[in-house]
Every structure is written in C-alpha cells, then in structure tokens.
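Engineer: So I've got this file, entry_13.cif, and it contains mmCIF, C-alpha atoms:
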```cif
data_run
loop_
_atom_site.group_PDB
_atom_site.id
_atom_site.type_symbol
_atom_site.label_atom_id
_atom_site.label_comp_id
_atom_site.auth_asym_id
_atom_site.auth_seq_id
_atom_site.Cartn_x
_atom_site.Cartn_y
_atom_site.Cartn_z
ATOM 1 C CA MET N 11 0.000 0.000 0.000
ATOM 2 C CA GLY N 12 3.024 2.270 0.294
ATOM 3 C CA LEU N 13 3.246 2.774 -3.458
ATOM 4 C CA VAL N 14 -0.496 3.437 -3.712
ATOM 5 C CA ASN N 15 -0.275 6.058 -0.969
ATOM 6 C CA GLU N 16 2.711 7.694 -2.636
ATOM 7 C CA LEU N 17 0.886 7.884 -5.950
ATOM 8 C CA ARG N 18 -2.231 9.209 -4.242
ATOM 9 C CA ASN N 19 -0.244 11.901 -2.438
ATOM 10 C CA ALA N 20 1.599 12.807 -5.632
ATOM 11 C CA TYR N 21 -1.741 13.311 -7.380
ATOM 12 C CA LYS N 22 -3.298 15.177 -4.470
ATOM 13 C CA ASN N 23 -0.367 17.532 -3.938
ATOM 14 C CA GLY N 24 0.576 17.923 -7.605
ATOM 15 C CA GLY N 25 -0.527 20.723 -9.889
ATOM 16 C CA TYR N 26 -2.885 20.397 -12.829
ATOM 17 C CA LEU N 27 -0.098 19.221 -15.137
ATOM 18 C CA THR N 28 0.530 16.287 -12.797
ATOM 19 C CA LYS N 29 -3.194 15.607 -12.481
ATOM 20 C CA LEU N 30 -3.703 15.564 -16.261
ATOM 21 C CA ILE N 31 -0.866 13.074 -16.697
ATOM 22 C CA TYR N 32 -2.186 10.873 -13.877
ATOM 23 C CA ILE N 33 -5.761 10.923 -15.204
ATOM 24 C CA ASN N 34 -4.618 9.849 -18.672
ATOM 25 C CA ILE N 35 -2.535 7.023 -17.217
ATOM 26 C CA ILE N 36 -5.296 5.838 -14.867
ATOM 27 C CA VAL N 37 -7.896 5.769 -17.653
ATOM 28 C CA PHE N 38 -5.451 3.920 -19.924
ATOM 29 C CA VAL N 39 -4.725 1.277 -17.259
ATOM 30 C CA LEU N 40 -8.423 0.842 -16.456
ATOM 31 C CA ILE N 41 -9.264 0.337 -20.123
ATOM 32 C CA ARG N 42 -6.533 -2.271 -20.517
ATOM 33 C CA VAL N 43 -7.587 -4.109 -17.347
ATOM 34 C CA ILE N 44 -11.227 -4.141 -18.451
ATOM 35 C CA ASP N 45 -10.083 -5.291 -21.896
ATOM 36 C CA LEU N 46 -8.211 -8.198 -20.311
ATOM 37 C CA PHE N 47 -11.223 -9.438 -18.353
ATOM 38 C CA MET N 48 -13.552 -8.975 -21.302
ATOM 39 C CA PHE N 49 -11.111 -10.853 -23.548
ATOM 40 C CA LEU N 50 -10.985 -13.750 -21.090
ATOM 41 C CA GLY N 51 -14.777 -13.710 -20.982
ATOM 42 C CA GLY N 52 -15.062 -13.702 -24.759
ATOM 43 C CA GLU N 53 -16.578 -10.228 -24.933
ATOM 44 C CA PRO N 54 -15.336 -7.346 -27.143
ATOM 45 C CA LEU N 55 -14.167 -4.072 -25.639
ATOM 46 C CA GLY N 56 -15.676 -2.007 -28.450
ATOM 47 C CA GLN N 57 -18.843 -1.035 -26.584
ATOM 48 C CA ILE N 58 -16.952 0.678 -23.773
ATOM 49 C CA LEU N 59 -14.632 2.549 -26.138
ATOM 50 C CA ASN N 60 -17.620 3.628 -28.231
ATOM 51 C CA TYR N 61 -19.244 5.006 -25.093
ATOM 52 C CA ILE N 62 -16.366 7.332 -24.150
ATOM 53 C CA SER N 63 -14.892 8.118 -27.598
ATOM 54 C CA LEU N 64 -16.209 10.932 -29.798
ATOM 55 C CA PRO N 65 -18.408 9.672 -32.672
ATOM 56 C CA SER N 66 -18.148 11.421 -36.022
ATOM 57 C CA ASP N 67 -21.905 11.701 -36.603
ATOM 58 C CA ILE N 68 -24.016 14.341 -34.871
ATOM 59 C CA SER N 69 -26.779 11.884 -33.966
ATOM 60 C CA GLY N 70 -24.264 9.779 -32.072
ATOM 61 C CA LEU N 71 -23.037 12.849 -30.208
ATOM 62 C CA ARG N 72 -26.594 13.696 -29.148
ATOM 63 C CA HIS N 73 -26.805 10.342 -27.378
ATOM 64 C CA GLN N 74 -23.458 10.783 -25.601
ATOM 65 C CA PRO N 75 -22.622 14.498 -25.356
ATOM 66 C CA TRP N 76 -20.080 13.788 -22.606
ATOM 67 C CA SER N 77 -17.815 12.163 -25.204
ATOM 68 C CA LEU N 78 -16.711 15.617 -26.425
ATOM 69 C CA PHE N 79 -14.974 15.826 -23.039
ATOM 70 C CA THR N 80 -14.090 12.224 -22.228
ATOM 71 C CA TYR N 81 -12.424 11.377 -25.553
ATOM 72 C CA MET N 82 -9.385 13.531 -24.720
ATOM 73 C CA PHE N 83 -8.458 11.201 -21.828
ATOM 74 C CA VAL N 84 -8.926 7.911 -23.690
ATOM 75 C CA HIS N 85 -6.049 5.829 -25.103
ATOM 76 C CA TYR N 86 -5.930 2.174 -26.011
ATOM 77 C CA ASN N 87 -2.441 1.637 -27.434
ATOM 78 C CA PHE N 88 0.745 2.271 -25.461
ATOM 79 C CA LEU N 89 2.419 3.896 -28.479
ATOM 80 C CA HIS N 90 -0.511 6.308 -28.601
ATOM 81 C CA ILE N 91 -0.414 7.477 -25.008
ATOM 82 C CA LEU N 92 3.384 7.576 -24.646
ATOM 83 C CA PRO N 93 4.180 10.419 -27.104
ATOM 84 C CA ASN N 94 1.148 12.369 -25.927
ATOM 85 C CA LEU N 95 2.272 12.296 -22.300
ATOM 86 C CA LEU N 96 5.891 13.046 -23.195
ATOM 87 C CA PHE N 97 4.889 16.132 -25.196
ATOM 88 C CA LEU N 98 2.445 17.147 -22.462
ATOM 89 C CA TYR N 99 5.197 16.913 -19.855
ATOM 90 C CA TRP N 100 7.946 18.618 -21.917
ATOM 91 C CA PHE N 101 5.890 21.526 -23.197
ATOM 92 C CA GLY N 102 3.759 21.707 -20.057
ATOM 93 C CA ARG N 103 6.896 22.370 -18.000
ATOM 94 C CA ILE N 104 7.922 25.171 -20.364
ATOM 95 C CA PHE N 105 4.369 26.554 -20.310
ATOM 96 C CA LEU N 106 4.430 26.725 -16.517
ATOM 97 C CA GLN N 107 7.630 28.755 -16.480
ATOM 98 C CA TYR N 108 5.626 31.678 -17.880
ATOM 99 C CA LEU N 109 1.939 30.949 -17.238
ATOM 100 C CA ASP N 110 0.058 29.296 -14.387
ATOM 101 C CA GLU N 111 -1.429 25.854 -13.797
ATOM 102 C CA LYS N 112 -5.049 26.975 -14.190
ATOM 103 C CA THR N 113 -4.302 28.489 -17.590
ATOM 104 C CA LEU N 114 -2.624 25.249 -18.659
ATOM 105 C CA LEU N 115 -5.719 23.299 -17.629
ATOM 106 C CA SER N 116 -8.039 25.561 -19.619
ATOM 107 C CA VAL N 117 -5.810 25.370 -22.722
ATOM 108 C CA TYR N 118 -5.745 21.561 -22.489
ATOM 109 C CA LEU N 119 -9.519 21.173 -22.111
ATOM 110 C CA LEU N 120 -10.593 23.813 -24.610
ATOM 111 C CA GLY N 121 -7.930 22.675 -27.063
ATOM 112 C CA GLY N 122 -9.424 19.193 -26.893
ATOM 113 C CA ILE N 123 -12.940 20.548 -27.349
ATOM 114 C CA CYS N 124 -11.895 22.655 -30.351
ATOM 115 C CA GLY N 125 -10.144 19.659 -31.863
ATOM 116 C CA GLY N 126 -13.286 17.580 -31.380
ATOM 117 C CA LEU N 127 -15.515 20.271 -32.881
ATOM 118 C CA LEU N 128 -13.328 20.669 -35.975
ATOM 119 C CA TYR N 129 -13.387 16.880 -36.346
ATOM 120 C CA LEU N 130 -17.208 16.889 -36.210
ATOM 121 C CA ILE N 131 -17.470 19.781 -38.659
ATOM 122 C CA ALA N 132 -15.151 18.081 -41.145
ATOM 123 C CA TYR N 133 -16.884 14.703 -40.981
ATOM 124 C CA ASN N 134 -20.343 16.237 -41.382
ATOM 125 C CA THR N 135 -19.619 18.798 -44.113
ATOM 126 C CA LEU N 136 -16.781 17.555 -46.347
ATOM 127 C CA PRO N 137 -17.828 15.200 -49.186
ATOM 128 C CA VAL N 138 -14.796 12.952 -48.688
ATOM 129 C CA PHE N 139 -16.188 11.851 -45.305
ATOM 130 C CA SER N 140 -19.831 11.512 -46.363
ATOM 131 C CA GLU N 141 -19.737 7.707 -46.250
ATOM 132 C CA THR N 142 -17.296 7.437 -43.359
ATOM 133 C CA TYR N 143 -17.980 6.781 -39.683
ATOM 134 C CA GLY N 144 -15.204 7.329 -37.192
ATOM 135 C CA LEU N 145 -14.408 7.479 -33.495
ATOM 136 C CA LEU N 146 -11.997 10.025 -32.083
ATOM 137 C CA LEU N 147 -9.970 9.247 -28.963
ATOM 138 C CA GLY N 148 -6.726 10.467 -27.424
ATOM 139 C CA ALA N 149 -5.220 13.596 -25.891
ATOM 140 C CA SER N 150 -3.389 14.687 -29.053
ATOM 141 C CA ALA N 151 -5.554 17.752 -29.789
ATOM 142 C CA SER N 152 -5.298 18.937 -26.174
ATOM 143 C CA VAL N 153 -1.553 18.337 -26.023
ATOM 144 C CA PHE N 154 -0.957 20.036 -29.354
ATOM 145 C CA ALA N 155 -2.917 23.061 -28.124
ATOM 146 C CA ILE N 156 -0.365 23.376 -25.302
ATOM 147 C CA VAL N 157 2.536 22.833 -27.721
ATOM 148 C CA VAL N 158 1.382 25.615 -30.061
ATOM 149 C CA ALA N 159 0.391 27.933 -27.194
ATOM 150 C CA THR N 160 3.848 27.548 -25.665
ATOM 151 C CA ALA N 161 5.563 28.101 -29.013
ATOM 152 C CA ALA N 162 3.424 31.185 -29.672
ATOM 153 C CA TYR N 163 4.205 32.665 -26.245
ATOM 154 C CA VAL N 164 7.968 31.992 -26.180
ATOM 155 C CA PRO N 165 8.819 31.167 -29.815
ATOM 156 C CA ASN N 166 12.587 31.449 -29.341
ATOM 157 C CA TYR N 167 12.783 29.062 -26.375
ATOM 158 C CA GLN N 168 15.249 26.332 -27.279
ATOM 159 C CA LEU N 169 15.085 22.579 -26.775
ATOM 160 C CA TYR N 170 18.080 20.318 -27.303
ATOM 161 C CA LEU N 171 17.122 17.477 -29.637
ATOM 162 C CA MET N 172 19.184 14.324 -29.977
ATOM 163 C CA PHE N 173 21.366 14.300 -33.106
ATOM 164 C CA ILE N 174 20.186 17.822 -33.982
ATOM 165 C CA GLY N 175 21.124 20.123 -31.117
ATOM 166 C CA PRO N 176 19.331 23.301 -30.004
ATOM 167 C CA VAL N 177 16.088 24.026 -31.871
ATOM 168 C CA ARG N 178 13.645 26.870 -31.226
ATOM 169 C CA ILE N 179 10.249 25.519 -30.271
ATOM 170 C CA LYS N 180 8.464 27.633 -32.879
ATOM 171 C CA TYR N 181 10.077 25.446 -35.530
ATOM 172 C CA ILE N 182 9.066 22.266 -33.704
ATOM 173 C CA ALA N 183 5.438 23.423 -33.551
ATOM 174 C CA LEU N 184 5.492 24.541 -37.197
ATOM 175 C CA PHE N 185 6.908 21.185 -38.274
ATOM 176 C CA TYR N 186 4.057 19.299 -36.635
ATOM 177 C CA VAL N 187 1.392 21.684 -37.954
ATOM 178 C CA VAL N 188 2.627 21.049 -41.505
ATOM 179 C CA LEU N 189 2.990 17.299 -40.863
ATOM 180 C CA TYR N 190 -0.519 16.888 -39.424
ATOM 181 C CA THR N 191 -2.004 18.936 -42.263
ATOM 182 C CA LEU N 192 -0.357 16.770 -44.912
ATOM 183 C CA MET N 193 -1.330 13.606 -43.026
ATOM 184 C CA ILE N 194 -5.054 14.384 -43.302
ATOM 185 C CA THR N 195 -5.004 12.154 -46.390
ATOM 186 C CA SER N 196 -3.820 9.201 -44.266
ATOM 187 C CA SER N 197 -5.915 6.556 -42.530
ATOM 188 C CA ASN N 198 -6.013 8.746 -39.396
ATOM 189 C CA ALA N 199 -7.650 11.714 -41.112
ATOM 190 C CA GLY N 200 -9.940 12.499 -38.181
ATOM 191 C CA GLY N 201 -7.106 12.499 -35.649
ATOM 192 C CA ASN N 202 -4.996 14.853 -37.758
ATOM 193 C CA ILE N 203 -7.936 17.221 -38.247
ATOM 194 C CA ALA N 204 -8.379 17.274 -34.471
ATOM 195 C CA HIS N 205 -4.672 18.107 -34.088
ATOM 196 C CA ILE N 206 -5.167 21.165 -36.293
ATOM 197 C CA GLY N 207 -8.198 22.187 -34.219
ATOM 198 C CA GLY N 208 -6.114 22.032 -31.052
ATOM 199 C CA ALA N 209 -3.331 24.013 -32.724
ATOM 200 C CA VAL N 210 -5.760 26.740 -33.807
ATOM 201 C CA TRP N 211 -7.054 27.063 -30.250
ATOM 202 C CA GLY N 212 -3.531 27.222 -28.780
ATOM 203 C CA PHE N 213 -2.538 29.988 -31.193
ATOM 204 C CA LEU N 214 -5.740 32.024 -30.742
ATOM 205 C CA PHE N 215 -5.542 31.712 -26.973
ATOM 206 C CA ILE N 216 -2.039 33.217 -26.827
ATOM 207 C CA TYR N 217 -2.883 35.841 -29.461
ATOM 208 C CA TYR N 218 -5.693 37.216 -27.302
ATOM 209 C CA TYR N 219 -3.864 36.542 -24.036
ATOM 210 C CA LYS N 220 -1.094 38.901 -25.110
ATOM 211 C CA LYS N 221 -3.773 41.504 -25.765
ATOM 212 C CA GLY N 222 -5.077 41.129 -22.214
ATOM 213 C CA THR N 223 -7.979 38.702 -22.792
ATOM 214 C CA ASN N 224 -8.004 35.215 -21.297
ATOM 215 C CA LEU N 225 -10.397 33.202 -23.469
ATOM 216 C CA GLY N 226 -10.412 30.317 -21.006
ATOM 217 C CA SER N 227 -10.997 32.216 -17.754
ATOM 218 C CA TRP N 228 -14.689 31.228 -17.638
ATOM 219 C CA LEU N 229 -13.785 27.534 -17.516
ATOM 220 C CA ILE N 230 -11.374 27.706 -14.583
ATOM 221 C CA PRO N 231 -13.977 28.046 -11.741
ATOM 222 C CA ILE N 232 -15.988 25.162 -13.224
ATOM 223 C CA MET N 233 -12.985 22.857 -13.376
ATOM 224 C CA GLU N 234 -11.831 23.825 -9.885
ATOM 225 C CA LYS N 235 -15.204 22.671 -8.556
ATOM 226 C CA PHE N 236 -14.932 19.478 -10.608
ATOM 227 C CA PHE N 237 -11.491 18.605 -9.236
ATOM 228 C CA SER N 238 -12.412 19.617 -5.684
ATOM 229 C CA PHE N 239 -15.395 17.246 -5.831
ATOM 230 C CA PHE N 240 -12.970 14.317 -5.998
ATOM 231 C CA ARG N 241 -10.620 15.723 -3.393
ATOM 232 C CA LYS N 242 -11.065 13.933 -0.109
ATOM 233 C CA SER N 243 -11.246 16.104 2.966
ATOM 234 C CA ASP N 244 -9.130 15.166 5.939
ATOM 235 C CA ARG N 245 -11.002 13.051 8.447
ATOM 236 C CA HIS N 246 -9.126 14.426 11.402
ATOM 237 C CA LEU N 247 -8.751 18.027 12.348
ATOM 238 C CA LYS N 248 -5.122 19.013 12.522
ATOM 239 C CA VAL N 249 -4.107 21.780 14.863
ATOM 240 C CA LYS N 250 -0.851 23.571 14.237
ATOM 241 C CA TYR N 251 0.857 25.646 16.882
ATOM 242 C CA LYS N 252 3.004 28.561 15.917
ATOM 243 C CA ARG N 253 5.892 29.662 18.012
ATOM 244 C CA ASP N 254 5.987 33.277 18.977
ATOM 245 C CA THR N 255 8.337 35.215 16.758
ATOM 246 C CA PRO N 256 9.911 38.476 17.746
ATOM 247 C CA LYS N 257 8.235 41.492 16.218
ATOM 248 C CA MET N 258 10.230 43.783 13.931
ATOM 249 C CA ASP N 259 10.131 47.536 13.969
ATOM 250 C CA ASP N 260 9.474 49.484 10.750
ATOM 251 C CA ARG N 261 13.157 49.884 9.916
ATOM 252 C CA GLN N 262 13.878 46.182 10.312
ATOM 253 C CA TYR N 263 10.770 45.283 8.342
ATOM 254 C CA ASN N 264 11.661 47.574 5.431
ATOM 255 C CA ARG N 265 15.234 46.258 5.377
ATOM 256 C CA SER N 266 13.999 42.673 5.307
ATOM 257 C CA LYS N 267 11.499 43.471 2.549
ATOM 258 C CA LYS N 268 14.176 45.114 0.390
ATOM 259 C CA GLN N 269 16.450 42.100 0.809
ATOM 260 C CA GLN N 270 13.648 39.770 -0.263
ATOM 261 C CA GLU N 271 12.870 41.907 -3.318
ATOM 262 C CA LYS N 272 16.552 42.027 -4.248
ATOM 263 C CA GLU N 273 16.820 38.241 -3.990
ATOM 264 C CA THR N 274 13.628 37.792 -6.057
ATOM 265 C CA ASN N 275 14.950 40.046 -8.824
ATOM 266 C CA ARG N 276 18.231 38.136 -8.863
ATOM 267 C CA ILE N 277 16.418 34.826 -9.262
ATOM 268 C CA LEU N 278 14.199 36.182 -12.046
ATOM 269 C CA ASP N 279 17.276 37.418 -13.895
ATOM 270 C CA LYS N 280 18.775 33.946 -13.533
ATOM 271 C CA ILE N 281 15.623 32.379 -15.010
ATOM 272 C CA ALA N 282 15.749 34.760 -17.970
ATOM 273 C CA LYS N 283 19.373 33.826 -18.658
ATOM 274 C CA SER N 284 19.478 30.115 -17.850
ATOM 275 C CA GLY N 285 15.891 28.897 -17.466
ATOM 276 C CA TYR N 286 13.897 27.696 -14.473
ATOM 277 C CA GLU N 287 15.750 24.378 -14.242
ATOM 278 C CA SER N 288 18.973 26.200 -13.364
ATOM 279 C CA LEU N 289 17.567 27.283 -9.990
ATOM 280 C CA SER N 290 18.603 25.608 -6.770
ATOM 281 C CA ARG N 291 16.027 24.142 -4.394
ATOM 282 C CA GLU N 292 16.434 27.136 -2.074
ATOM 283 C CA GLU N 293 15.839 29.576 -4.942
ATOM 284 C CA LYS N 294 12.701 27.700 -6.036
ATOM 285 C CA ASN N 295 11.414 27.694 -2.441
ATOM 286 C CA HIS N 296 12.058 31.427 -2.214
ATOM 287 C CA LEU N 297 9.969 32.078 -5.351
ATOM 288 C CA PHE N 298 7.227 29.800 -4.043
ATOM 289 C CA LYS N 299 7.063 31.641 -0.712
ATOM 290 C CA MET N 300 7.070 35.056 -2.374
ATOM 291 C CA GLY N 301 4.327 33.947 -4.744
ATOM 292 C CA LYS N 302 2.083 33.086 -1.800
ATOM 293 C CA LYS N 303 2.397 36.544 -0.268
#
```
Mind turning the file's structure into structure tokens?

Structural biologist:
Amino acid sequence: MGLVNELRNAYKNGGYLTKLIYINIIVFVLIRVIDLFMFLGGEPLGQILNYISLPSDISGLRHQPWSLFTYMFVHYNFLHILPNLLFLYWFGRIFLQYLDEKTLLSVYLLGGICGGLLYLIAYNTLPVFSETYGLLLGASASVFAIVVATAAYVPNYQLYLMFIGPVRIKYIALFYVVLYTLMITSSNAGGNIAHIGGAVWGFLFIYYYKKGTNLGSWLIPIMEKFFSFFRKSDRHLKVKYKRDTPKMDDRQYNRSKKQQEKETNRILDKIAKSGYESLSREEKNHLFKMGKK
C-alpha cells in the first residue's frame, strides 16, 4: 500500500499538469484491465470505447454528449499514449515557467474541445467523409494546443534534440502543424484534423492573451469545482501551533522586505538567462514563498 499512498499523495499535492498526466494514465490502465477481463470472458471491448470516444456523426453525439470531453483522456495503445504524455510533460513544464497551472488546464480542455468540434465539422460537411464513420480518442488535440500555445508565447525558447542540437520551439510546432495537415489524407484523417483544431485554439488563446484577454478564464472556476469534488477532505482536524516570533520595527521590516525583493529580482534574472531548471532548491522555495504573499 506504500506505493499506492505515494501515488495518491503525488496526485493530491501535484498541480494540474501532474493531475492531467495521472488521469490519462489511470484511464489507460483501467481500459486495458477491463479489456483483459472482457477478452478472457469472450466479450469485445468495443462497446466501452464507443461510449467514451467521440463519434463522427451528430446523432451519435446527441446520445453521448459527454464524449466531447471524455475522448481527450482515452487511449488504447501504449504507443498512442506515450508520445502524448511526453509532449504534455515537456511543453507543459515550459508553459508553466511563464503561465500558471489553471491556464494550462483551460488550454488543455478547450484545445481538446476545439479539436473535437473541428473533427465533427469536417466529418459532417466535407464530401470525402460523407460515407465514413469514425471514433476520435486520445489527448493529441489537447496536447498540441499546449505545444502551439507555448511556441506562440515563447517562440525562441530552445530545446536540445538528440542528433540535432538546439532548436527553437516555434520550428518544432510549425513542423508538426505542416505534418498533421499533410497527413489528413492518411488513414487517421480524423485524428490529424483534431490536431489542427487544437493548434488553432492554442494559437488564438495566446494571441488574445497577449492583448489582455483570457479566453479560457470562464472555464477555470468550473474545473476547480470538478477537481475539488474528488478531493477527499481530511477526516481528522489538525491543529498547528506557531511559536511566537519576535516582532520587527518598521526599519527592520523595510530592510527585510528590500532584501527579499533584491533576492527575487536576482532569481528572475537567472531564469531569464538560464531557465527555471537552473535554480537551486532554495531559490525555487524562495519564489514559491514570495508567490504566496
């Protein structure tokens, strides 16, 4: 039970990036476990996947409207979930160096919804899909929304790629936008269309965010209530006792405040030059404490 408790605490104490990764993994494991038992019982898994994946026809969506939300957490193949979670982690960490966890959550969810909507529009309006029925599943649209949003916000941020070296993330995002567009003619046409929908949302979000408008702010209170619904309250009341600390006069207080501000500015300069990962644990704790004030 030690491992279970550690995982539970990691989820409970982690930010929304951690929670999104955990939710995707948990859903993936549950699907595979259910698949195993259904296989042993001679039953197909298709009905369950159909229930939580996004159908391409509007009539199917009317019967399961929740699938526009659930599909972005559903994976069946390991080689499907692995790159999605890697990109979510890599670009999510960069995203959080400049923007906050709640904004990341809204970009992920609304990017997935926009990807799903573009998928529905394409399959119900374009002649090439008139005789085609599809199911959309996976976090790709949501993850790609974060990738493009990050690249649009800090386009010159560099990642070191194996065998290539330093590459600005704007070129990485552009490469995948072009690739997914060209791959619409492949067997995974619906998935690639959804990728483009997520990319469009990520770009538009940052475009308006830089102008002072947060297009996803309305969703944040709703999702906070959703996540808090599953957060278990402590069964026992914990009482903390604070030791008396000596009071400071105005001169001492102002001196201490100036020292803290000086240290904060030094750390921010270090982030600008070397990135967040270059900070020591003490410097990260200092920023965390100052951010809570």

Engineer: Name the residues captured by the PyMOL selection byres ((chain N and resi 233) around 12) when it is applied to the shown file; answer as a PDB file with C-alpha atoms, in the frame of the given file.

Structural biologist:
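That gives us expr_21.pdb:
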```
ATOM      1  CA  TYR N  26      -2.885  20.397 -12.829  1.00  0.00           C
ATOM      2  CA  GLU N 111      -1.429  25.854 -13.797  1.00  0.00           C
ATOM      3  CA  LYS N 112      -5.049  26.975 -14.190  1.00  0.00           C
ATOM      4  CA  THR N 113      -4.302  28.489 -17.590  1.00  0.00           C
ATOM      5  CA  LEU N 114      -2.624  25.249 -18.659  1.00  0.00           C
ATOM      6  CA  LEU N 115      -5.719  23.299 -17.629  1.00  0.00           C
ATOM      7  CA  SER N 116      -8.039  25.561 -19.619  1.00  0.00           C
ATOM      8  CA  TYR N 118      -5.745  21.561 -22.489  1.00  0.00           C
ATOM      9  CA  LEU N 119      -9.519  21.173 -22.111  1.00  0.00           C
ATOM     10  CA  LEU N 120     -10.593  23.813 -24.610  1.00  0.00           C
ATOM     11  CA  GLY N 226     -10.412  30.317 -21.006  1.00  0.00           C
ATOM     12  CA  SER N 227     -10.997  32.216 -17.754  1.00  0.00           C
ATOM     13  CA  TRP N 228     -14.689  31.228 -17.638  1.00  0.00           C
ATOM     14  CA  LEU N 229     -13.785  27.534 -17.516  1.00  0.00           C
ATOM     15  CA  ILE N 230     -11.374  27.706 -14.583  1.00  0.00           C
ATOM     16  CA  PRO N 231     -13.977  28.046 -11.741  1.00  0.00           C
ATOM     17  CA  ILE N 232     -15.988  25.162 -13.224  1.00  0.00           C
ATOM     18  CA  GLU N 234     -11.831  23.825  -9.885  1.00  0.00           C
ATOM     19  CA  LYS N 235     -15.204  22.671  -8.556  1.00  0.00           C
ATOM     20  CA  PHE N 236     -14.932  19.478 -10.608  1.00  0.00           C
ATOM     21  CA  PHE N 237     -11.491  18.605  -9.236  1.00  0.00           C
ATOM     22  CA  SER N 238     -12.412  19.617  -5.684  1.00  0.00           C
ATOM     23  CA  PHE N 239     -15.395  17.246  -5.831  1.00  0.00           C
ATOM     24  CA  PHE N 240     -12.970  14.317  -5.998  1.00  0.00           C
TER      25      PHE N 240
END
```

Engineer: Rounded to one decimal, what separation in Å do you get between CA of Pro165 (chain N) and CA of Arg178 (chain N)?

Structural biologist: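 Going from CA of Pro165 (chain N) over to CA of Arg178 (chain N), I get 6.6 Å.
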
Engineer: Measuring between only C-alpha atoms, which one of N:Ala20, N:Ala132, N:Val39, N:Leu106 shows the shortest distance to Phe88 (chain N)?

Structural biologist: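 Selected residue with least distance to Phe88 (chain N): N:Val39.
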
Engineer: Every residue with an atom at most 8 Å from (11.9, 28.6, -30.8) (file coordinates; all atoms listed in the file) is what I'm after, so could you write them as a PyMOL selection string?

Structural biologist: chain N and resi 161+164-169+177-182

Engineer: Tell me, in Å to one decimal, how far CA of Arg276 (chain N) is from CA of Glu293 (chain N).

Structural biologist: 9.7 Å

Engineer: Any chance you could work out the residue set of the PyMOL selection byres ((chain N and resi 215) around 12) here, as a PyMOL selection string?

Structural biologist: chain N and resi 113-114+116-118+120-121+124+155-156+158-163+208-214+216-227

Engineer: Next, dump the selected residues to file, keeping only C-alpha atoms, as a compact mmCIF listing (two decimals), in the frame of the given file.

Structural biologist:
```txt
# COMPACT_ATOMS: atom_id res chain seq x y z
CA THR N 113 -4.30 28.49 -17.59
CA LEU N 114 -2.62 25.25 -18.66
CA SER N 116 -8.04 25.56 -19.62
CA VAL N 117 -5.81 25.37 -22.72
CA TYR N 118 -5.74 21.56 -22.49
CA LEU N 120 -10.59 23.81 -24.61
CA GLY N 121 -7.93 22.68 -27.06
CA CYS N 124 -11.90 22.66 -30.35
CA ALA N 155 -2.92 23.06 -28.12
CA ILE N 156 -0.36 23.38 -25.30
CA VAL N 158 1.38 25.62 -30.06
CA ALA N 159 0.39 27.93 -27.19
CA THR N 160 3.85 27.55 -25.66
CA ALA N 161 5.56 28.10 -29.01
CA ALA N 162 3.42 31.18 -29.67
CA TYR N 163 4.20 32.66 -26.24
CA GLY N 208 -6.11 22.03 -31.05
CA ALA N 209 -3.33 24.01 -32.72
CA VAL N 210 -5.76 26.74 -33.81
CA TRP N 211 -7.05 27.06 -30.25
CA GLY N 212 -3.53 27.22 -28.78
CA PHE N 213 -2.54 29.99 -31.19
CA LEU N 214 -5.74 32.02 -30.74
CA ILE N 216 -2.04 33.22 -26.83
CA TYR N 217 -2.88 35.84 -29.46
CA TYR N 218 -5.69 37.22 -27.30
CA TYR N 219 -3.86 36.54 -24.04
CA LYS N 220 -1.09 38.90 -25.11
CA LYS N 221 -3.77 41.50 -25.76
CA GLY N 222 -5.08 41.13 -22.21
CA THR N 223 -7.98 38.70 -22.79
CA ASN N 224 -8.00 35.22 -21.30
CA LEU N 225 -10.40 33.20 -23.47
CA GLY N 226 -10.41 30.32 -21.01
CA SER N 227 -11.00 32.22 -17.75
```

Engineer: Hey, which of N:Leu17, N:Asn87, N:Met82, N:Gly25 ends up closest to Arg42 (chain N)? Count all atoms listed in the file.

Structural biologist: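 Of the candidates, the smallest distance to Arg42 (chain N) is held by N:Asn87.
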
Engineer: Measure the distance from CA of Gly52 (chain N) to CA of Gly70 (chain N) in Å and round it to one decimal.

Structural biologist: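 Spanning CA of Gly52 (chain N) to CA of Gly70 (chain N) is a straight-line distance of 26.3 Å.
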
Engineer: Please provide as a count of residues only all residues within 8 Å of Val187 (chain N), with the sequence filter that same-chain residues fewer than 4 positions apart are discarded (counting all atoms listed in the file).

Structural biologist: 4

Engineer: Considering all atoms listed in the file, can you say which of N:Thr142, N:Ser152, N:Gln270, N:Ser288 comes closest to Asp67 (chain N)?

Structural biologist: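 With all atoms listed in the file as the atom set, the closest residue is N:Thr142.
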
Engineer: Please write out, as lines of an AutoDock Vina configuration file, where the centre of an axis-aligned box around all listed atoms of region 40-43 of chain N lies and how long its edges are, in Å to one decimal, after adding 8 Å on each side.

Structural biologist:
```
center_x = -7.9
center_y = -1.6
center_z = -18.5
size_x = 18.7
size_y = 21.0
size_z = 20.1
```

Engineer: Any idea what's packed within 8 Å of Leu130 (chain N), counting all atoms listed in the file, ignoring anything in its chain fewer than 4 positions away? Could you give it as a list in words?

Structural biologist: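 My reading of the contact set: Ser66, Asp67, Ile68, Gly126 and Asn134 of chain N.
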
Engineer: Evaluate the PyMOL selection byres ((chain N and resi 29-36) around 8) here and jot the selected residues down as a list of chain:residue names.

Structural biologist: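 What the PyMOL selection byres ((chain N and resi 29-36) around 8) grabs from the file is N:Tyr21, N:Gly24, N:Gly25, N:Tyr26, N:Leu27, N:Thr28, N:Val37, N:Phe38, N:Val39, N:Leu40, N:Phe83, N:Val84, N:His85, N:Ile91, N:Leu95, N:Leu98, N:Tyr99.
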
Engineer: Rank nothing, just name the residue among N:Ile281, N:Val43, N:Leu78, N:Leu71 nearest to Gly148 (chain N), using all atoms listed in the file.

Structural biologist: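 Looking at the shortest contact to Gly148 (chain N), the residue is N:Leu78.
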
Engineer: Rank N:Leu127, N:Tyr108, N:Val157, N:Ser197 by their smallest atom-to-atom distance to Phe139 (chain N), using all atoms listed in the file, and report the top residue only.

Structural biologist: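 Closest to Phe139 (chain N), using all atoms listed in the file: N:Ser197.
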
Engineer: Excluding same-chain residues fewer than 3 positions from Pro65 (chain N), what lies within 10 Å of it counting all atoms listed in the file, as a list in words?

Structural biologist: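 Selected residues are Asn60, Tyr61, Ile62, Ile68, Ser69, Gly70, Leu71, Arg72, His73, Gln74, Pro75, Ser77, Leu78, Tyr81, Gly126, Tyr129, Leu130, Tyr133, Tyr143, Gly144, Leu145, Leu146 and Leu147 of chain N.
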